[in-house]
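To keep things clear, I will list the structure first and then write my remarks on it.
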Amino acid sequence: MDARCSTPSRAESRIREKPYATRPEIPDAGGARREDDQGVQEMLLTGRGGEGVVLASQLLADTFARAGYWVQSFPEFKAERRGAPISAFLRWDAEEPIRRRYKVRECDVLVAISVAPPPAESVAKLRPGGLLLVNREARFPHRGDYRIAHVPGSRIARSNGILSAEGRPMGNVAVLGAAVRLLLPDGLGCLEDAIRARMGAALAEPNVLAAREGYRLCARQHTVAADTPYEPEPAAARPPLPLFAASVTDTRINHTGSWSLERPVILDACNVCGLCALFCPEGAMRRVDGAMAIDLLYCKGCGICKVVCPVKNAIALEEVPV
Ligand code: SF4
Ligand code: SF4
């Protein structure tokens with residue numbers, strides 16, 4: 001047993017009973033199998049492609065497994081990838097193997113990896129009494145039949161130099177530190193071990209520090225009078241869908257700019273080579289009158305244009321206020 005996973009607690013006894021390397025056998029059909037799987041806890045993680053949502057779900061699954069739980073984790077991708085809304089699911093159970101084999105429809109815990117507010121339709125999936133964990137510097141000014149906690153994941157990531165290829169802070173592991181504090185308070189050592197097992201030494205150490213800071217800076221919030229229910233924005237009027245879903249028209253009415261947390265800004269050093277336009281997955285860039293133009297209706301803020309640009313300081317990403 002790893003001493004860092006151990007304190008005199010319920011989690012400790014589980015670790016002793018079910019060490020990582022020797023899981024209990026799955027009981028056969030004639031054994032004392034429970035009639036239901038009421039002990040399963042379900043988590044939905046949301047964010048954008050490129051923010052490490054899937055990695056976060058896998059690291060947390062490994063953390064729970066190291067602490068002796070049965071786990072299950074899988075992501076859901078839509079047609080879009082980098083920059084697009086992404087979900088990942090995690091289930092854990094202290095006593096029994098998990099037999100549910102479908103995506104999480106309702107959850108006990110919702111973890112928003114993005115700094116953007118979690119999608120209202122995801123918040124609506126929280127079960128009464130559930131937990132919402134958000135990556136935010138300040139409190140989330142809403143209320144509902146669930147508890148709320150927040151952690152400054154992006155600030156922690158930036159201060160530890162954990163940045164994406166586009167220079168964006170990757171707050172996923174700091175948010176995991178907060179999630180472990182809320183769900184498995186004795187499991188920080190297990191999370192650290194999961195991080196080290198997954199990442200090389202150079203990457204692991206700043207991430208371990210970020211996990212510890214997330215654990216430390218996680219704050220539960222209390223409802224105040226000014227808090228409001230969190231409801232979806234009224235849907236913008238959209239033209240009717242064409243009869244056949246796969247068409248150019250469909251793509252055009254999908255205003256992916258509404259997903260954007262960041263937007264590119266072309267700087268003076270740009271030599272208008274057009275490489276960014278070639279790689280932009282949304283076709284949102286083009287040359288116009290000897291300069292690069294960006295269509296913000298479709299730019300989803302994925303940052304690929306910045307990654308592929310061969311010219312230093314020709315393009316930057318700026319945050320879109322949320
Ligand atoms: S790739 Fe860089 S230099 Fe080339 S057009 Fe795009 S921003 Fe300008
Ligand atoms: S313009 Fe840049 S950030 Fe926007 S969608 Fe295209 S590649 Fe992504």
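Each chain of the structure tokens is named A, B, ... in the order shown, its residues numbered from 1; ligands are numbered from 1 in display order.
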
Using only C-alpha atoms and all ligand atoms, which protein or nucleic acid residues are at most 10 Å from ligand 1, as an mmCIF file with N, CA and C atoms, in the first residue's frame?
```cif
data_model
loop_
_atom_site.group_PDB
_atom_site.id
_atom_site.type_symbol
_atom_site.label_atom_id
_atom_site.label_comp_id
_atom_site.auth_asym_id
_atom_site.auth_seq_id
_atom_site.Cartn_x
_atom_site.Cartn_y
_atom_site.Cartn_z
ATOM 1 N N PRO A 264 -8.410 34.267 -32.091
ATOM 2 C CA PRO A 264 -7.092 34.688 -32.569
ATOM 3 C C PRO A 264 -7.093 36.155 -32.992
ATOM 4 N N VAL A 265 -5.938 36.754 -32.826
ATOM 5 C CA VAL A 265 -5.742 38.142 -33.262
ATOM 6 C C VAL A 265 -4.498 38.145 -34.138
ATOM 7 N N ILE A 266 -4.618 38.668 -35.336
ATOM 8 C CA ILE A 266 -3.476 38.729 -36.248
ATOM 9 C C ILE A 266 -2.626 39.953 -35.894
ATOM 10 N N LEU A 267 -1.312 39.726 -35.760
ATOM 11 C CA LEU A 267 -0.407 40.808 -35.345
ATOM 12 C C LEU A 267 0.428 41.289 -36.542
ATOM 13 N N ASP A 268 1.184 42.353 -36.311
ATOM 14 C CA ASP A 268 1.916 43.000 -37.404
ATOM 15 C C ASP A 268 2.911 42.080 -38.092
ATOM 16 N N ALA A 269 3.479 41.118 -37.361
ATOM 17 C CA ALA A 269 4.507 40.250 -37.960
ATOM 18 C C ALA A 269 3.941 39.282 -39.002
ATOM 19 N N CYS A 270 2.644 39.169 -39.101
ATOM 20 C CA CYS A 270 2.028 38.228 -40.054
ATOM 21 C C CYS A 270 2.454 38.586 -41.478
ATOM 22 N N ASN A 271 2.929 37.564 -42.210
ATOM 23 C CA ASN A 271 3.346 37.819 -43.595
ATOM 24 C C ASN A 271 2.303 37.333 -44.598
ATOM 25 N N VAL A 272 1.135 37.009 -44.098
ATOM 26 C CA VAL A 272 -0.017 36.627 -44.932
ATOM 27 C C VAL A 272 0.307 35.402 -45.793
ATOM 28 N N CYS A 273 1.071 34.464 -45.207
ATOM 29 C CA CYS A 273 1.412 33.251 -45.972
ATOM 30 C C CYS A 273 0.186 32.352 -46.167
ATOM 31 N N GLY A 274 -0.790 32.442 -45.284
ATOM 32 C CA GLY A 274 -2.029 31.677 -45.457
ATOM 33 C C GLY A 274 -2.008 30.279 -44.869
ATOM 34 N N LEU A 275 -0.902 29.907 -44.212
ATOM 35 C CA LEU A 275 -0.820 28.544 -43.663
ATOM 36 C C LEU A 275 -1.921 28.295 -42.633
ATOM 37 N N CYS A 276 -2.190 29.297 -41.816
ATOM 38 C CA CYS A 276 -3.227 29.136 -40.779
ATOM 39 C C CYS A 276 -4.574 28.845 -41.420
ATOM 40 N N ALA A 277 -4.869 29.510 -42.521
ATOM 41 C CA ALA A 277 -6.151 29.292 -43.201
ATOM 42 C C ALA A 277 -6.244 27.864 -43.726
ATOM 43 N N LEU A 278 -5.085 27.334 -44.126
ATOM 44 C CA LEU A 278 -5.055 25.964 -44.655
ATOM 45 C C LEU A 278 -5.420 24.955 -43.570
ATOM 46 N N PHE A 279 -5.009 25.227 -42.332
ATOM 47 C CA PHE A 279 -5.225 24.259 -41.254
ATOM 48 C C PHE A 279 -6.483 24.541 -40.430
ATOM 49 N N CYS A 280 -7.067 25.716 -40.555
ATOM 50 C CA CYS A 280 -8.234 26.056 -39.723
ATOM 51 C C CYS A 280 -9.365 25.057 -39.985
ATOM 52 N N MET A 285 -10.681 31.345 -41.681
ATOM 53 C CA MET A 285 -9.650 32.341 -42.002
ATOM 54 C C MET A 285 -9.493 32.421 -43.518
ATOM 55 N N ARG A 286 -9.232 33.600 -43.996
ATOM 56 C CA ARG A 286 -8.902 33.745 -45.404
ATOM 57 C C ARG A 286 -8.181 35.062 -45.637
ATOM 58 N N ARG A 287 -7.547 35.127 -46.816
ATOM 59 C CA ARG A 287 -6.887 36.388 -47.175
ATOM 60 C C ARG A 287 -7.930 37.348 -47.735
ATOM 61 N N GLY A 290 -5.006 41.505 -48.995
ATOM 62 C CA GLY A 290 -3.613 41.467 -48.547
ATOM 63 C C GLY A 290 -3.435 41.310 -47.056
ATOM 64 N N ALA A 291 -4.477 40.892 -46.342
ATOM 65 C CA ALA A 291 -4.349 40.641 -44.895
ATOM 66 C C ALA A 291 -5.180 39.411 -44.551
ATOM 67 N N MET A 292 -4.927 38.850 -43.379
ATOM 68 C CA MET A 292 -5.720 37.688 -42.948
ATOM 69 C C MET A 292 -6.958 38.174 -42.203
ATOM 70 N N ALA A 293 -8.092 37.590 -42.549
ATOM 71 C CA ALA A 293 -9.351 37.943 -41.878
ATOM 72 C C ALA A 293 -9.904 36.696 -41.202
ATOM 73 N N ILE A 304 -5.549 26.205 -33.317
ATOM 74 C CA ILE A 304 -4.691 25.490 -34.268
ATOM 75 C C ILE A 304 -3.927 26.485 -35.140
ATOM 76 N N CYS A 305 -4.573 27.594 -35.493
ATOM 77 C CA CYS A 305 -3.902 28.590 -36.339
ATOM 78 C C CYS A 305 -2.620 29.085 -35.669
ATOM 79 N N LYS A 306 -2.662 29.241 -34.362
ATOM 80 C CA LYS A 306 -1.464 29.727 -33.656
ATOM 81 C C LYS A 306 -0.384 28.651 -33.633
ATOM 82 N N VAL A 307 -0.808 27.410 -33.472
ATOM 83 C CA VAL A 307 0.170 26.319 -33.400
ATOM 84 C C VAL A 307 0.897 26.146 -34.735
ATOM 85 N N VAL A 308 0.184 26.263 -35.830
ATOM 86 C CA VAL A 308 0.820 25.987 -37.134
ATOM 87 C C VAL A 308 1.553 27.199 -37.702
ATOM 88 N N CYS A 309 1.297 28.374 -37.168
ATOM 89 C CA CYS A 309 1.922 29.582 -37.728
ATOM 90 C C CYS A 309 3.448 29.513 -37.585
ATOM 91 N N PRO A 310 4.202 29.644 -38.689
ATOM 92 C CA PRO A 310 5.667 29.532 -38.608
ATOM 93 C C PRO A 310 6.354 30.845 -38.221
ATOM 94 N N VAL A 311 5.602 31.928 -38.099
ATOM 95 C CA VAL A 311 6.214 33.240 -37.856
ATOM 96 C C VAL A 311 6.023 33.633 -36.390
ATOM 97 N N LYS A 312 7.125 34.015 -35.757
ATOM 98 C CA LYS A 312 7.049 34.388 -34.338
ATOM 99 C C LYS A 312 6.184 35.639 -34.172
ATOM 100 N N ASN A 313 5.300 35.604 -33.189
ATOM 101 C CA ASN A 313 4.446 36.750 -32.845
ATOM 102 C C ASN A 313 3.611 37.260 -34.013
ATOM 103 N N ALA A 314 3.171 36.349 -34.862
ATOM 104 C CA ALA A 314 2.286 36.773 -35.953
ATOM 105 C C ALA A 314 0.822 36.629 -35.578
ATOM 106 N N ILE A 315 0.569 35.802 -34.564
ATOM 107 C CA ILE A 315 -0.824 35.567 -34.180
ATOM 108 C C ILE A 315 -0.878 35.296 -32.671
ATOM 109 N N ALA A 316 -1.884 35.832 -32.026
ATOM 110 C CA ALA A 316 -2.043 35.618 -30.573
ATOM 111 C C ALA A 316 -3.473 35.187 -30.311
#
```

Excluding same-chain residues fewer than 5 positions from Lys300 of chain A, what lies within 6 Å of it counting only C-alpha atoms, as an NGL selection string? :A and (83 or 256-257 or 259-260)

Saved selection, atoms kept: N, CA and C atoms, as a PDB file, in the first residue's frame:
```pdb
ATOM      1  N   GLY A  83     -11.469  22.223 -29.561  1.00  0.00           N
ATOM      2  CA  GLY A  83     -12.261  23.442 -29.400  1.00  0.00           C
ATOM      3  C   GLY A  83     -13.750  23.184 -29.234  1.00  0.00           C
ATOM      4  N   THR A 256     -20.193  27.802 -34.913  1.00  0.00           N
ATOM      5  CA  THR A 256     -19.248  27.281 -33.940  1.00  0.00           C
ATOM      6  C   THR A 256     -18.524  28.399 -33.182  1.00  0.00           C
ATOM      7  N   GLY A 257     -18.653  29.642 -33.646  1.00  0.00           N
ATOM      8  CA  GLY A 257     -18.078  30.766 -32.909  1.00  0.00           C
ATOM      9  C   GLY A 257     -18.672  30.900 -31.516  1.00  0.00           C
ATOM     10  N   TRP A 259     -18.930  28.627 -29.432  1.00  0.00           N
ATOM     11  CA  TRP A 259     -18.198  27.763 -28.506  1.00  0.00           C
ATOM     12  C   TRP A 259     -16.941  28.440 -27.984  1.00  0.00           C
ATOM     13  N   SER A 260     -16.581  29.540 -28.596  1.00  0.00           N
ATOM     14  CA  SER A 260     -15.236  30.072 -28.437  1.00  0.00           C
ATOM     15  C   SER A 260     -14.962  30.631 -27.045  1.00  0.00           C
TER      16      SER A 260
END
```

Once DSSP has gone over the backbone, tell me which residues of segment 205-236 of chain A are in helix (DSSP H, G or I), as number ranges by chain. A: 205-217

Pairwise distance for atom CA of Arg127 of chain A and atom CA of Cys107 of chain A, rounded to one decimal in Å: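 The value is 5.8 Å.
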
Smallest atom-to-atom distance to Glu205 of chain A: which of A:Gly171, A:Ala149, A:Pro117, A:Gly161, using only C-alpha atoms?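 With only C-alpha atoms as the atom set, the closest residue is A:Gly161.
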
Selection: 10 Å around Val320 of chain A, only C-alpha atoms, excl. self and same-chain fewer than 5 positions, as number ranges by chain: A: 116, 260-264, 301

Take the residues from that selection and put them in a file with C-alpha atoms, as a CSV table (one decimal), in the first residue's frame.
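Written file, out.csv:
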```
chain,number,residue,atom,x,y,z
A,116,ALA,CA,-16.7,28.9,-19.2
A,260,SER,CA,-15.2,30.1,-28.4
A,261,LEU,CA,-13.4,30.8,-25.2
A,262,GLU,CA,-10.5,32.5,-27.1
A,263,ARG,CA,-10.1,34.1,-30.4
A,264,PRO,CA,-7.1,34.7,-32.6
A,301,GLY,CA,-11.2,29.2,-30.6
```

For Arg147 of chain A, find every residue with an atom within 10 Å (counting only C-alpha atoms), except residues of its own chain fewer than 4 positions away, and show them as a compact mmCIF listing (two decimals) with N, CA and C atoms, in the first residue's frame.
```
# COMPACT_ATOMS: atom_id res chain seq x y z
N VAL A 109 -22.08 14.01 -9.67
CA VAL A 109 -21.05 15.06 -9.67
C VAL A 109 -20.89 15.58 -11.10
N LEU A 126 -27.70 17.04 -12.99
CA LEU A 126 -27.28 16.76 -11.61
C LEU A 126 -28.45 16.22 -10.80
N PRO A 128 -30.61 15.55 -7.38
CA PRO A 128 -30.80 16.37 -6.17
C PRO A 128 -29.72 16.05 -5.13
N GLY A 129 -29.15 17.10 -4.59
CA GLY A 129 -28.09 16.90 -3.59
C GLY A 129 -26.72 16.65 -4.19
N GLY A 130 -26.64 16.68 -5.52
CA GLY A 130 -25.36 16.42 -6.20
C GLY A 130 -24.36 17.55 -5.99
N LEU A 131 -23.24 17.44 -6.68
CA LEU A 131 -22.14 18.39 -6.49
C LEU A 131 -21.71 18.94 -7.84
N LEU A 132 -21.60 20.26 -7.90
CA LEU A 132 -21.09 20.93 -9.10
C LEU A 132 -19.74 21.55 -8.75
N LEU A 133 -18.70 21.17 -9.48
CA LEU A 133 -17.36 21.73 -9.27
C LEU A 133 -16.99 22.52 -10.51
N ARG A 143 -27.86 29.07 -7.84
CA ARG A 143 -28.28 28.11 -6.84
C ARG A 143 -29.16 27.07 -7.50
N ARG A 220 -15.79 25.36 -1.01
CA ARG A 220 -17.24 25.11 -1.12
C ARG A 220 -17.93 26.45 -0.96
N GLN A 221 -19.02 26.66 -1.67
CA GLN A 221 -19.69 27.95 -1.53
C GLN A 221 -21.08 27.80 -0.92
N HIS A 222 -21.49 28.86 -0.23
CA HIS A 222 -22.81 28.88 0.38
C HIS A 222 -23.72 29.77 -0.46
N THR A 223 -24.98 29.43 -0.47
CA THR A 223 -25.93 30.22 -1.24
C THR A 223 -26.11 31.58 -0.59
```

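When only C-alpha atoms are used to compute distances to Ala219 of chain A, the closest of the residues A:Val288, A:Ala138, A:Leu176, A:Ile195 turns out to be A:Ala138.
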
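Candidate residues A:Pro119, A:Pro97, A:Pro75, A:Gly167 were compared for distance to Val40 of chain A, and the nearest is A:Pro97, using only C-alpha atoms.
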
Which one is closest to Leu217 of chain A: A:Glu137, A:Glu166, A:Glu121, A:Asp186? Count only C-alpha atoms.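 Residue with the minimum atom-to-atom distance to Leu217 of chain A: A:Glu137.
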
Which of segment 9-199 of chain A DSSP labels strand (DSSP E or B), written as number ranges by chain: A: 41-49, 70-76, 82, 85-93, 107-112, 126-135, 142-143, 146-151, 163, 169

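Going from atom CA of Ala56 of chain A over to atom CA of Val173 of chain A, you cover 6.5 Å.
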
Could you check the closest approach to ligand 2 for each of A:Ala84, A:Leu60, A:Leu55, A:Cys190 and tell me which residue wins, using only C-alpha atoms and all ligand atoms? A:Ala84

Pick from A:Ile98, A:Val54, A:Leu163, A:Ile86: nearest to Gln38 of chain A, with only C-alpha atoms counted?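 Closest residue, counting only C-alpha atoms: A:Ile98.
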
Need the shell around Leu90 of chain A: protein/DNA/RNA residues with any atom at most 7 Å away, counting only C-alpha atoms. Skip same-chain ones fewer than 2 positions apart. Format as a list in words?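 Everything that qualifies: Glu42, Met43, Leu44, Ser57, Ala61, Gln72, Ser73, Phe74, Ala88 and Trp92 of chain A.
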
In Å, rounded to a single decimal, give me how far atom CA of Trp70 of chain A is from atom CA of Ala174 of chain A.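 Pair atom CA of Ala174 of chain A / atom CA of Trp70 of chain A returns 23.3 Å.
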